[in-house]
$ cat data.cif   # mmCIF, C-alpha atoms
data_target
loop_
_atom_site.group_PDB
_atom_site.id
_atom_site.type_symbol
_atom_site.label_atom_id
_atom_site.label_comp_id
_atom_site.auth_asym_id
_atom_site.auth_seq_id
_atom_site.Cartn_x
_atom_site.Cartn_y
_atom_site.Cartn_z
ATOM 1 C CA VAL Q 158 168.096 70.871 14.507
ATOM 2 C CA PRO Q 159 169.114 70.876 18.208
ATOM 3 C CA THR Q 160 169.201 67.345 19.540
ATOM 4 C CA ASN Q 161 169.523 67.554 23.323
ATOM 5 C CA PRO Q 162 168.517 70.928 24.744
ATOM 6 C CA ARG Q 163 165.033 71.426 26.205
ATOM 7 C CA PRO Q 164 162.674 74.003 24.717
ATOM 8 C CA LEU Q 165 164.294 77.347 25.392
ATOM 9 C CA LYS Q 166 163.173 79.696 28.139
ATOM 10 C CA SER Q 167 164.188 83.298 28.518
ATOM 11 C CA SER Q 168 166.469 83.686 31.541
ATOM 12 C CA PHE Q 169 167.525 86.778 33.460
ATOM 13 C CA VAL Q 170 170.775 86.779 31.479
ATOM 14 C CA ASP Q 171 168.836 86.713 28.203
ATOM 15 C CA ILE Q 172 166.654 89.624 29.269
ATOM 16 C CA PHE Q 173 169.699 91.531 30.562
ATOM 17 C CA SER Q 174 171.451 91.009 27.212
ATOM 18 C CA ILE Q 175 168.436 92.290 25.290
ATOM 19 C CA THR Q 176 168.130 95.281 27.619
ATOM 20 C CA LEU Q 177 171.840 96.045 27.274
ATOM 21 C CA GLY Q 178 171.511 96.043 23.495
ATOM 22 C CA ALA Q 179 168.540 98.417 23.689
ATOM 23 C CA VAL Q 180 170.436 100.769 26.020
ATOM 24 C CA LEU Q 181 173.510 100.794 23.762
ATOM 25 C CA MET Q 182 171.349 101.533 20.724
ATOM 26 C CA PHE Q 183 169.649 104.359 22.607
ATOM 27 C CA LEU Q 184 172.982 105.892 23.669
ATOM 28 C CA ASN Q 185 174.327 105.676 20.119
ATOM 29 C CA THR Q 186 171.151 107.356 18.891
ATOM 30 C CA LEU Q 187 171.664 110.219 21.354
ATOM 31 C CA LEU Q 188 175.283 110.520 20.222
ATOM 32 C CA PHE Q 189 174.334 110.655 16.553
ATOM 33 C CA LEU Q 190 171.540 113.166 17.194
ATOM 34 C CA TYR Q 191 174.031 115.385 19.016
ATOM 35 C CA VAL Q 192 176.386 115.177 16.038
ATOM 36 C CA LEU Q 193 173.538 116.073 13.675
ATOM 37 C CA TRP Q 194 172.628 119.077 15.831
ATOM 38 C CA TYR Q 195 176.230 120.333 15.765
ATOM 39 C CA ARG Q 196 176.929 119.132 12.233
ATOM 40 C CA HIS Q 197 178.384 122.525 11.247
ATOM 41 C CA TYR Q 198 181.056 122.354 13.949
ATOM 42 C CA PRO Q 199 184.190 121.856 11.777
ATOM 43 C CA PRO Q 200 185.824 118.944 13.685
ATOM 44 C CA LEU Q 201 182.509 117.052 13.527
ATOM 45 C CA ARG Q 202 181.776 118.025 9.935
ATOM 46 C CA ALA Q 203 185.192 116.654 8.946
ATOM 47 C CA LYS Q 204 184.107 113.178 10.060
ATOM 48 C CA ASN Q 205 181.812 112.924 7.011
ATOM 49 C CA ILE Q 206 178.446 112.935 8.740
ATOM 50 C CA LYS Q 207 176.606 111.456 5.746
ATOM 51 C CA LEU Q 208 178.701 108.306 5.905
ATOM 52 C CA LEU Q 209 178.411 108.261 9.690
ATOM 53 C CA GLY Q 210 174.645 108.248 9.224
ATOM 54 C CA ILE Q 211 174.872 105.124 7.079
ATOM 55 C CA LEU Q 212 177.261 103.600 9.610
ATOM 56 C CA TYR Q 213 174.756 104.362 12.368
ATOM 57 C CA LEU Q 214 171.989 102.650 10.360
ATOM 58 C CA SER Q 215 174.136 99.539 9.850
ATOM 59 C CA MET Q 216 174.962 99.424 13.575
ATOM 60 C CA MET Q 217 171.285 99.570 14.526
ATOM 61 C CA LEU Q 218 170.204 96.902 12.032
ATOM 62 C CA TRP Q 219 173.114 94.638 12.965
ATOM 63 C CA CYS Q 220 172.126 94.867 16.614
ATOM 64 C CA LEU Q 221 168.427 94.274 15.870
ATOM 65 C CA GLY Q 222 169.274 91.245 13.739
ATOM 66 C CA THR Q 223 171.498 89.852 16.480
ATOM 67 C CA ILE Q 224 168.863 90.286 19.185
ATOM 68 C CA GLY Q 225 166.075 88.944 16.982
ATOM 69 C CA THR Q 226 167.880 85.735 15.991
ATOM 70 C CA ASN Q 227 169.858 85.038 19.169
ATOM 71 C CA PHE Q 228 166.999 85.637 21.591
ATOM 72 C CA ASN Q 229 163.975 84.393 19.682
ATOM 73 C CA VAL Q 230 163.242 82.115 22.635
ATOM 74 C CA ASP Q 231 160.098 81.211 24.542
ATOM 75 C CA GLY Q 232 158.050 83.135 21.972
ATOM 76 C CA TYR Q 233 159.675 86.307 23.317
ATOM 77 C CA PHE Q 234 159.591 88.216 20.027
ATOM 78 C CA ASN Q 235 157.150 86.082 18.050
ATOM 79 C CA PHE Q 236 159.422 86.324 14.991
ATOM 80 C CA THR Q 237 158.495 82.809 13.921
ATOM 81 C CA SER Q 238 158.461 83.683 10.208
ATOM 82 C CA SER Q 239 161.243 86.267 10.255
ATOM 83 C CA CYS Q 240 164.424 84.295 10.935
ATOM 84 C CA LEU Q 241 165.727 84.736 7.380
ATOM 85 C CA LEU Q 242 164.816 88.426 7.292
ATOM 86 C CA LEU Q 243 166.609 89.069 10.577
ATOM 87 C CA ALA Q 244 169.592 86.799 9.980
ATOM 88 C CA LEU Q 245 170.325 87.505 6.317
ATOM 89 C CA TRP Q 246 169.175 91.053 5.676
ATOM 90 C CA SER Q 247 169.299 92.773 9.070
ATOM 91 C CA ARG Q 248 172.254 91.006 10.680
ATOM 92 C CA ILE Q 249 174.472 90.086 7.699
ATOM 93 C CA LEU Q 250 173.854 92.215 4.604
ATOM 94 C CA VAL Q 251 172.534 95.519 5.961
ATOM 95 C CA GLY Q 252 174.304 95.010 9.274
ATOM 96 C CA MET Q 253 177.770 93.445 9.196
ATOM 97 C CA PHE Q 254 178.415 93.863 5.470
ATOM 98 C CA MET Q 255 177.231 97.481 5.273
ATOM 99 C CA PHE Q 256 179.209 98.201 8.461
ATOM 100 C CA ALA Q 257 182.398 96.982 6.766
ATOM 101 C CA PHE Q 258 181.498 98.617 3.441
ATOM 102 C CA VAL Q 259 181.052 102.056 5.031
ATOM 103 C CA HIS Q 260 184.410 101.775 6.785
ATOM 104 C CA ILE Q 261 186.011 100.788 3.474
ATOM 105 C CA PHE Q 262 184.515 103.772 1.669
ATOM 106 C CA ARG Q 263 185.452 106.205 4.468
ATOM 107 C CA LEU Q 264 189.066 105.057 4.125
ATOM 108 C CA TYR Q 265 188.831 105.300 0.334
ATOM 109 C CA VAL Q 266 187.731 108.942 0.685
ATOM 110 C CA TYR Q 267 190.508 109.551 3.191
ATOM 111 C CA ILE Q 268 193.180 108.047 0.902
ATOM 112 C CA ARG Q 269 191.857 109.788 -2.220
ATOM 113 C CA ILE Q 270 191.979 113.228 -0.576
ATOM 114 C CA PHE Q 271 195.140 113.074 1.504
ATOM 115 C CA LYS Q 272 197.308 110.557 -0.337
ATOM 116 C CA ARG Q 273 196.325 110.974 -3.974
ATOM 117 C CA ARG Q 274 195.389 114.664 -3.616
ATOM 118 C CA GLN Q 275 192.166 114.130 -5.552
ATOM 119 C CA LYS Q 276 188.651 115.414 -4.906
ATOM 120 C CA VAL Q 277 185.754 113.156 -3.991
ATOM 121 C CA THR Q 278 182.541 113.931 -5.870
ATOM 122 C CA TYR Q 279 179.046 112.501 -5.859
ATOM 123 C CA VAL Q 280 180.128 110.203 -8.687
ATOM 124 C CA GLN Q 281 182.247 108.198 -6.250
ATOM 125 C CA TYR Q 282 179.403 108.103 -3.710
ATOM 126 C CA LEU Q 283 176.943 106.955 -6.370
ATOM 127 C CA ALA Q 284 179.345 104.296 -7.650
ATOM 128 C CA ALA Q 285 179.820 102.971 -4.100
ATOM 129 C CA ALA Q 286 176.054 102.838 -3.532
ATOM 130 C CA ILE Q 287 175.511 100.961 -6.796
ATOM 131 C CA LEU Q 288 178.316 98.523 -6.024
ATOM 132 C CA TYR Q 289 176.875 97.806 -2.579
ATOM 133 C CA ALA Q 290 173.360 97.315 -3.993
ATOM 134 C CA VAL Q 291 174.613 94.949 -6.706
ATOM 135 C CA ILE Q 292 176.575 92.835 -4.207
ATOM 136 C CA ILE Q 293 173.753 92.408 -1.702
ATOM 137 C CA ALA Q 294 171.204 91.785 -4.462
ATOM 138 C CA ALA Q 295 173.403 89.178 -6.154
ATOM 139 C CA TYR Q 296 173.872 87.373 -2.857
ATOM 140 C CA GLY Q 297 170.706 88.149 -0.922
ATOM 141 C CA ILE Q 298 167.979 87.515 -3.499
ATOM 142 C CA PRO Q 299 169.031 83.947 -4.461
ATOM 143 C CA VAL Q 300 169.577 83.034 -0.795
ATOM 144 C CA THR Q 301 166.170 84.447 0.123
ATOM 145 C CA LEU Q 302 164.560 82.224 -2.521
ATOM 146 C CA MET Q 303 166.290 79.087 -1.220
ATOM 147 C CA HIS Q 304 164.440 76.663 1.036
ATOM 148 C CA ASN Q 305 164.721 77.696 4.677
ATOM 149 C CA LYS Q 306 166.235 74.325 5.585
ATOM 150 C CA LEU Q 307 169.290 75.398 3.603
ATOM 151 C CA THR Q 308 169.485 78.884 5.119
ATOM 152 C CA VAL Q 309 168.009 79.699 8.525
ATOM 153 C CA MET Q 310 164.757 78.416 9.931
ATOM 154 C CA PHE Q 311 162.606 78.682 13.024
ATOM 155 C CA VAL Q 312 162.319 75.429 14.984
ATOM 156 C CA PRO Q 313 159.018 75.445 16.944
ATOM 157 C CA GLU Q 314 160.060 72.578 19.230
ATOM 158 C CA PHE Q 315 162.897 74.668 20.615
ATOM 159 C CA GLN Q 316 161.556 78.169 19.867
ATOM 160 C CA THR Q 317 164.763 79.317 18.209
ATOM 161 C CA CYS Q 318 166.292 80.224 14.848
ATOM 162 C CA VAL Q 319 168.779 77.619 13.586
ATOM 163 C CA TYR Q 320 171.382 78.421 10.912
ATOM 164 C CA GLY Q 321 172.169 75.955 8.130
ATOM 165 C CA GLN Q 322 175.820 75.099 7.561
ATOM 166 C CA LEU Q 323 175.899 76.300 3.945
ATOM 167 C CA PHE Q 324 174.195 79.561 4.892
ATOM 168 C CA SER Q 325 176.683 80.188 7.708
ATOM 169 C CA GLU Q 326 179.655 79.524 5.457
ATOM 170 C CA MET Q 327 178.339 81.747 2.653
ATOM 171 C CA SER Q 328 177.328 84.551 5.003
ATOM 172 C CA PHE Q 329 180.586 84.682 6.893
ATOM 173 C CA GLY Q 330 182.427 84.350 3.602
ATOM 174 C CA ILE Q 331 180.967 87.616 2.317
ATOM 175 C CA VAL Q 332 181.505 89.320 5.689
ATOM 176 C CA TRP Q 333 185.154 88.202 5.847
ATOM 177 C CA ALA Q 334 185.734 89.308 2.249
ATOM 178 C CA ALA Q 335 184.505 92.806 3.092
ATOM 179 C CA TRP Q 336 186.425 92.916 6.334
ATOM 180 C CA LEU Q 337 189.688 91.811 4.719
ATOM 181 C CA ALA Q 338 189.216 94.581 2.145
ATOM 182 C CA PHE Q 339 188.839 97.008 5.038
ATOM 183 C CA LEU Q 340 192.066 95.717 6.608
ATOM 184 C CA VAL Q 341 193.891 96.323 3.321
ATOM 185 C CA MET Q 342 192.509 99.877 3.114
ATOM 186 C CA ALA Q 343 193.468 100.550 6.743
ATOM 187 C CA TYR Q 344 197.005 99.373 6.010
ATOM 188 C CA MET Q 345 197.203 101.659 2.971
ATOM 189 C CA ALA Q 346 196.152 104.645 5.092
ATOM 190 C CA ARG Q 347 198.501 103.949 8.000
ATOM 191 C CA ASN Q 348 201.152 106.564 7.112
ATOM 192 C CA ILE Q 349 198.878 109.460 6.234
ATOM 193 C CA ASN Q 350 199.506 112.190 8.787
ATOM 194 C CA THR Q 351 196.964 115.013 8.607
ATOM 195 C CA SER Q 352 194.563 116.919 10.838
ATOM 196 C CA PHE Q 353 191.998 114.220 9.970
ATOM 197 C CA LYS Q 354 194.224 111.318 10.970
ATOM 198 C CA GLU Q 355 192.167 108.411 12.327
ATOM 199 C CA TYR Q 356 194.798 105.705 12.572
ATOM 200 C CA LYS Q 357 194.289 105.015 16.284
ATOM 201 C CA GLU Q 358 190.514 104.968 15.894
ATOM 202 C CA MET Q 359 190.729 102.622 12.916
ATOM 203 C CA LEU Q 360 193.096 100.346 14.825
ATOM 204 C CA ILE Q 361 190.639 100.058 17.720
ATOM 205 C CA ILE Q 362 187.758 99.305 15.333
ATOM 206 C CA VAL Q 363 189.875 96.746 13.448
ATOM 207 C CA VAL Q 364 190.801 94.908 16.655
ATOM 208 C CA LEU Q 365 187.306 94.884 18.184
ATOM 209 C CA THR Q 366 185.486 93.916 14.993
ATOM 210 C CA SER Q 367 188.047 91.290 13.974
ATOM 211 C CA ILE Q 368 187.687 89.622 17.375
ATOM 212 C CA SER Q 369 183.917 89.716 17.055
ATOM 213 C CA ILE Q 370 183.753 88.281 13.531
ATOM 214 C CA ALA Q 371 186.340 85.613 14.369
ATOM 215 C CA TYR Q 372 184.336 84.543 17.411
ATOM 216 C CA GLN Q 373 181.096 84.426 15.404
ATOM 217 C CA THR Q 374 182.807 82.274 12.774
ATOM 218 C CA VAL Q 375 184.104 79.792 15.346
ATOM 219 C CA VAL Q 376 180.779 79.564 17.216
ATOM 220 C CA HIS Q 377 178.744 79.062 14.043
ATOM 221 C CA HIS Q 378 181.004 76.234 12.869
ATOM 222 C CA VAL Q 379 181.806 74.518 16.165
ATOM 223 C CA VAL Q 380 178.396 74.806 17.834
ATOM 224 C CA ARG Q 381 176.073 74.288 14.902
ATOM 225 C CA GLU Q 382 172.860 75.077 16.824
ATOM 226 C CA TYR Q 383 174.468 77.724 19.007
ATOM 227 C CA THR Q 384 171.226 79.642 19.674
ATOM 228 C CA ALA Q 385 169.944 76.603 21.573
ATOM 229 C CA TYR Q 386 172.730 76.954 24.161
ATOM 230 C CA ARG Q 387 172.583 79.920 26.511
ATOM 231 C CA TRP Q 388 176.357 80.347 26.943
ATOM 232 C CA ALA Q 389 176.867 80.371 23.170
ATOM 233 C CA ARG Q 390 174.157 82.875 22.287
ATOM 234 C CA ILE Q 391 175.047 85.160 25.216
ATOM 235 C CA THR Q 392 178.773 85.315 24.443
ATOM 236 C CA SER Q 393 178.048 85.650 20.728
ATOM 237 C CA THR Q 394 175.750 88.584 21.431
ATOM 238 C CA PHE Q 395 178.229 90.383 23.675
ATOM 239 C CA PHE Q 396 180.984 90.079 21.085
ATOM 240 C CA GLU Q 397 178.643 91.507 18.455
ATOM 241 C CA TYR Q 398 177.768 94.399 20.760
ATOM 242 C CA LEU Q 399 181.504 94.963 21.182
ATOM 243 C CA ALA Q 400 181.850 95.577 17.452
ATOM 244 C CA SER Q 401 178.493 96.945 16.339
ATOM 245 C CA GLN Q 402 177.899 99.446 19.135
ATOM 246 C CA THR Q 403 181.364 100.942 19.644
ATOM 247 C CA SER Q 404 182.363 102.399 16.266
ATOM 248 C CA LEU Q 405 180.533 105.702 16.572
ATOM 249 C CA VAL Q 406 181.941 106.277 20.057
ATOM 250 C CA VAL Q 407 185.473 105.441 18.910
ATOM 251 C CA LEU Q 408 185.258 107.782 15.913
ATOM 252 C CA LEU Q 409 183.447 110.653 17.618
ATOM 253 C CA TRP Q 410 184.299 110.789 21.306
ATOM 254 C CA VAL Q 411 187.212 113.242 20.896
ATOM 255 C CA PRO Q 412 185.392 115.902 18.800
ATOM 256 C CA VAL Q 413 182.131 115.431 20.730
ATOM 257 C CA TYR Q 414 183.864 115.753 24.108
ATOM 258 C CA ASN Q 415 185.679 118.878 22.958
ATOM 259 C CA CYS Q 416 182.552 120.282 21.360
ATOM 260 C CA ILE Q 417 180.888 120.047 24.775
ATOM 261 C CA PHE Q 418 183.724 121.228 27.029
ATOM 262 C CA HIS Q 419 186.376 123.014 24.914
ATOM 263 C CA ARG Q 420 184.525 124.120 21.809
ATOM 264 C CA ARG Q 421 186.397 127.281 20.813
ATOM 265 C CA GLU Q 422 189.859 126.093 21.817
ATOM 266 C CA PHE Q 423 189.502 122.771 20.027
ATOM 267 C CA ARG Q 424 188.132 124.518 16.946
ATOM 268 C CA ARG Q 425 191.141 126.860 16.911
ATOM 269 C CA LYS Q 426 193.619 123.974 17.252
ATOM 270 C CA PHE Q 427 191.776 122.103 14.538
ATOM 271 C CA PHE Q 428 192.054 125.037 12.124
ATOM 272 C CA ASP Q 429 195.737 125.429 12.950
ATOM 273 C CA LYS Q 430 196.312 121.812 11.914
ATOM 274 C CA MET Q 431 194.315 122.322 8.736
ATOM 275 C CA LYS Q 432 196.425 125.339 7.816
ATOM 276 C CA ALA Q 433 199.548 123.248 8.282
ATOM 277 C CA ASP Q 434 198.075 120.531 5.996
ATOM 278 C CA GLY Q 435 197.078 122.985 3.288
ATOM 279 C CA MET Q 436 194.192 120.664 2.398
ATOM 280 C CA ALA Q 437 191.177 122.585 3.668
ATOM 281 C CA ALA Q 438 189.794 123.420 0.224
ATOM 282 C CA ARG Q 439 189.945 119.811 -0.937
ATOM 283 C CA TYR Q 440 187.926 118.767 2.083
ATOM 284 C CA GLY Q 441 185.335 121.461 1.580
ATOM 285 C CA MET Q 442 186.429 123.591 4.525
ATOM 286 C CA THR Q 443 186.818 127.378 4.633
ATOM 287 C CA LEU Q 444 189.393 128.582 7.134
ATOM 288 C CA PRO Q 445 188.861 131.788 9.107
ATOM 289 C CA THR Q 446 191.271 134.608 8.426
ATOM 290 C CA THR Q 447 192.103 134.810 12.130
ATOM 291 C CA SER Q 448 192.542 132.051 14.696
#
$ encode --input "data.cif" --output "structure tokens"
Amino acid sequence: VPTNPRPLKSSFVDIFSITLGAVLMFLNTLLFLYVLWYRHYPPLRAKNIKLLGILYLSMMLWCLGTIGTNFNVDGYFNFTSSCLLLALWSRILVGMFMFAFVHIFRLYVYIRIFKRRQKVTYVQYLAAAILYAVIIAAYGIPVTLMHNKLTVMFVPEFQTCVYGQLFSEMSFGIVWAAWLAFLVMAYMARNINTSFKEYKEMLIIVVLTSISIAYQTVVHHVVREYTAYRWARITSTFFEYLASQTSLVVLLWVPVYNCIFHRREFRRKFFDKMKADGMAARYGMTLPTTS
């Protein structure tokens, strides 16, 4: 429990941080809705919109969990009984962990098609969904049943959620395990050169998210009651925004920009690259007979 800080009050910086998160979520929602509207545009379709939808969901829940636990001050959200729900399920398991899991599976699909020359069927999607459900159930249900003093609890005297040491270590352990698996998959896909190449995008996501998770790990272990200190919760939140709210933009800005401004030309260039790959059929694409 925090020992020195006074009961927390929402400051302008707190409110600005919350507002920024809401704006970023809104902009990402507009971006994803645009992609859904133009989902049949080949360069967008090739991004695997179903998985992008799950990625979008994880980004939103991660951001909501971050805002709810980092800024539960001065009774601002009245989440007095929801610290565990927000911290464990929204921020960690269905936020950070699903975020990493989706990136892992996207790379698995990428490697299976373009490196191993194998098709991806619904069996692989179903197996991934079952694996994810088993992992979060095996971890999340026992932790949920633990006493809140061992996990994360709301402290009325300071109007904030406080993370237990064991909970922090276990939570960041599962997040780091998933993220390290993603790094391995990204390394395996580094030399694949196709019309769907996403090496630069993956590198940006790796750098931004690694910085964010590393910072969260340090803050949670060095400043045990970090939510009670404005500088700690503000910087923590901004680093989480840096990771959770940038992935869709990084993955989609090129096809979305060209869909808006150079739709036919970009589509033609995209098909030309696909013809050179000779992999259109494996990716479920039908090439036009003329460019």
$ resolve_selection --input "data.cif" --expression "the PyMOL selection byres ((chain Q and resi 333) around 10)" --output "PDB file with C-alpha atoms, in the frame of the given file"
ATOM      1  CA  MET Q 253     177.770  93.445   9.196  1.00  0.00           C
ATOM      2  CA  PHE Q 254     178.415  93.863   5.470  1.00  0.00           C
ATOM      3  CA  ALA Q 257     182.398  96.982   6.766  1.00  0.00           C
ATOM      4  CA  MET Q 327     178.339  81.747   2.653  1.00  0.00           C
ATOM      5  CA  SER Q 328     177.328  84.551   5.003  1.00  0.00           C
ATOM      6  CA  PHE Q 329     180.586  84.682   6.893  1.00  0.00           C
ATOM      7  CA  GLY Q 330     182.427  84.350   3.602  1.00  0.00           C
ATOM      8  CA  ILE Q 331     180.967  87.616   2.317  1.00  0.00           C
ATOM      9  CA  VAL Q 332     181.505  89.320   5.689  1.00  0.00           C
ATOM     10  CA  ALA Q 334     185.734  89.308   2.249  1.00  0.00           C
ATOM     11  CA  ALA Q 335     184.505  92.806   3.092  1.00  0.00           C
ATOM     12  CA  TRP Q 336     186.425  92.916   6.334  1.00  0.00           C
ATOM     13  CA  LEU Q 337     189.688  91.811   4.719  1.00  0.00           C
ATOM     14  CA  ALA Q 338     189.216  94.581   2.145  1.00  0.00           C
ATOM     15  CA  PHE Q 339     188.839  97.008   5.038  1.00  0.00           C
ATOM     16  CA  SER Q 367     188.047  91.290  13.974  1.00  0.00           C
ATOM     17  CA  ILE Q 370     183.753  88.281  13.531  1.00  0.00           C
ATOM     18  CA  ALA Q 371     186.340  85.613  14.369  1.00  0.00           C
ATOM     19  CA  THR Q 374     182.807  82.274  12.774  1.00  0.00           C
TER      20      THR Q 374
END
$ atom_distance --input "data.cif" --atom1 "atom CA of Ala286 of chain Q" --atom2 "atom CA of Thr301 of chain Q"
21.2 Å
$ resolve_selection --input "data.cif" --expression "the PyMOL selection byres ((chain Q and resi 214) around 12)" --output "PyMOL selection string"
chain Q and resi 182+185-186+189+207-213+215-221+247-248+251-256+259+401-402+404-405
$ resolve_selection --input "data.cif" --expression "the PyMOL selection byres ((chain Q and resi 416) around 12)" --output "tab-separated table (two decimals) with C-alpha atoms, keeping the file's coordinate frame"
chain	number	residue	atom	x	y	z
Q	191	TYR	CA	174.03	115.38	19.02
Q	192	VAL	CA	176.39	115.18	16.04
Q	194	TRP	CA	172.63	119.08	15.83
Q	195	TYR	CA	176.23	120.33	15.76
Q	196	ARG	CA	176.93	119.13	12.23
Q	197	HIS	CA	178.38	122.52	11.25
Q	198	TYR	CA	181.06	122.35	13.95
Q	199	PRO	CA	184.19	121.86	11.78
Q	200	PRO	CA	185.82	118.94	13.68
Q	201	LEU	CA	182.51	117.05	13.53
Q	202	ARG	CA	181.78	118.02	9.94
Q	409	LEU	CA	183.45	110.65	17.62
Q	410	TRP	CA	184.30	110.79	21.31
Q	411	VAL	CA	187.21	113.24	20.90
Q	412	PRO	CA	185.39	115.90	18.80
Q	413	VAL	CA	182.13	115.43	20.73
Q	414	TYR	CA	183.86	115.75	24.11
Q	415	ASN	CA	185.68	118.88	22.96
Q	417	ILE	CA	180.89	120.05	24.78
Q	418	PHE	CA	183.72	121.23	27.03
Q	419	HIS	CA	186.38	123.01	24.91
Q	420	ARG	CA	184.52	124.12	21.81
Q	421	ARG	CA	186.40	127.28	20.81
Q	422	GLU	CA	189.86	126.09	21.82
Q	423	PHE	CA	189.50	122.77	20.03
Q	424	ARG	CA	188.13	124.52	16.95
Q	425	ARG	CA	191.14	126.86	16.91
Q	427	PHE	CA	191.78	122.10	14.54
$ atom_distance --input "data.cif" --atom1 "atom CA of Met310 of chain Q" --atom2 "atom CA of Val379 of chain Q"
18.6 Å
$ atom_distance --input "data.cif" --atom1 "atom CA of Leu365 of chain Q" --atom2 "atom CA of Leu399 of chain Q"
6.5 Å
$ closest_residue --input "data.cif" --among "Q:Ile261, Q:Ala343, Q:Val375, Q:Ala385" --to "Pro313 of chain Q" --atoms "only C-alpha atoms"
Q:Ala385
$ closest_residue --input "data.cif" --among "Q:Leu250, Q:Tyr398, Q:Lys272, Q:Leu323" --to "Tyr296 of chain Q" --atoms "only C-alpha atoms"
Q:Leu250
$ closest_residue --input "data.cif" --among "Q:Ile249, Q:Cys318, Q:Met431, Q:Ile368" --to "Phe395 of chain Q" --atoms "only C-alpha atoms"
Q:Ile368
$ closest_residue --input "data.cif" --among "Q:Phe173, Q:Phe311, Q:Tyr279, Q:Phe428" --to "Ser239 of chain Q" --atoms "all atoms listed in the file"
Q:Phe311
$ closest_residue --input "data.cif" --among "Q:Phe271, Q:Gly297, Q:Leu188, Q:Gln281" --to "Leu242 of chain Q" --atoms "only C-alpha atoms"
Q:Gly297
$ decode --input "data.cif" --residues "segment 342-377 of chain Q" --atoms "C-alpha atoms" --output "compact mmCIF listing (two decimals), in the first residue's frame"
# COMPACT_ATOMS: atom_id res chain seq x y z
CA MET Q 342 8.72 -15.76 -35.25
CA ALA Q 343 9.73 -12.33 -36.58
CA TYR Q 344 13.33 -13.51 -36.88
CA MET Q 345 12.21 -16.63 -38.76
CA ALA Q 346 10.27 -14.49 -41.24
CA ARG Q 347 13.01 -11.92 -41.83
CA ASN Q 348 14.22 -13.27 -45.20
CA ILE Q 349 10.87 -13.91 -46.83
CA ASN Q 350 10.60 -11.57 -49.80
CA THR Q 351 7.11 -11.49 -51.32
CA SER Q 352 4.41 -9.01 -52.29
CA PHE Q 353 3.11 -9.41 -48.71
CA LYS Q 354 6.44 -8.63 -47.07
CA GLU Q 355 5.94 -6.90 -43.71
CA TYR Q 356 9.46 -6.93 -42.34
CA LYS Q 357 9.72 -3.16 -41.84
CA GLU Q 358 6.28 -3.01 -40.23
CA MET Q 359 7.11 -5.91 -37.91
CA LEU Q 360 10.41 -4.27 -36.98
CA ILE Q 361 8.64 -1.05 -35.98
CA ILE Q 362 6.08 -2.98 -33.91
CA VAL Q 363 8.83 -5.05 -32.27
CA VAL Q 364 10.80 -1.95 -31.27
CA LEU Q 365 7.83 0.06 -29.96
CA THR Q 366 6.22 -2.80 -28.06
CA SER Q 367 9.50 -4.08 -26.62
CA ILE Q 368 10.26 -0.61 -25.26
CA SER Q 369 6.78 -0.39 -23.79
CA ILE Q 370 6.82 -3.80 -22.10
CA ALA Q 371 10.35 -3.25 -20.80
CA TYR Q 372 9.34 0.08 -19.28
CA GLN Q 373 6.23 -1.44 -17.68
CA THR Q 374 8.36 -4.21 -16.18
CA VAL Q 375 10.86 -1.76 -14.68
CA VAL Q 376 8.16 0.57 -13.30
CA HIS Q 377 6.17 -2.26 -11.73
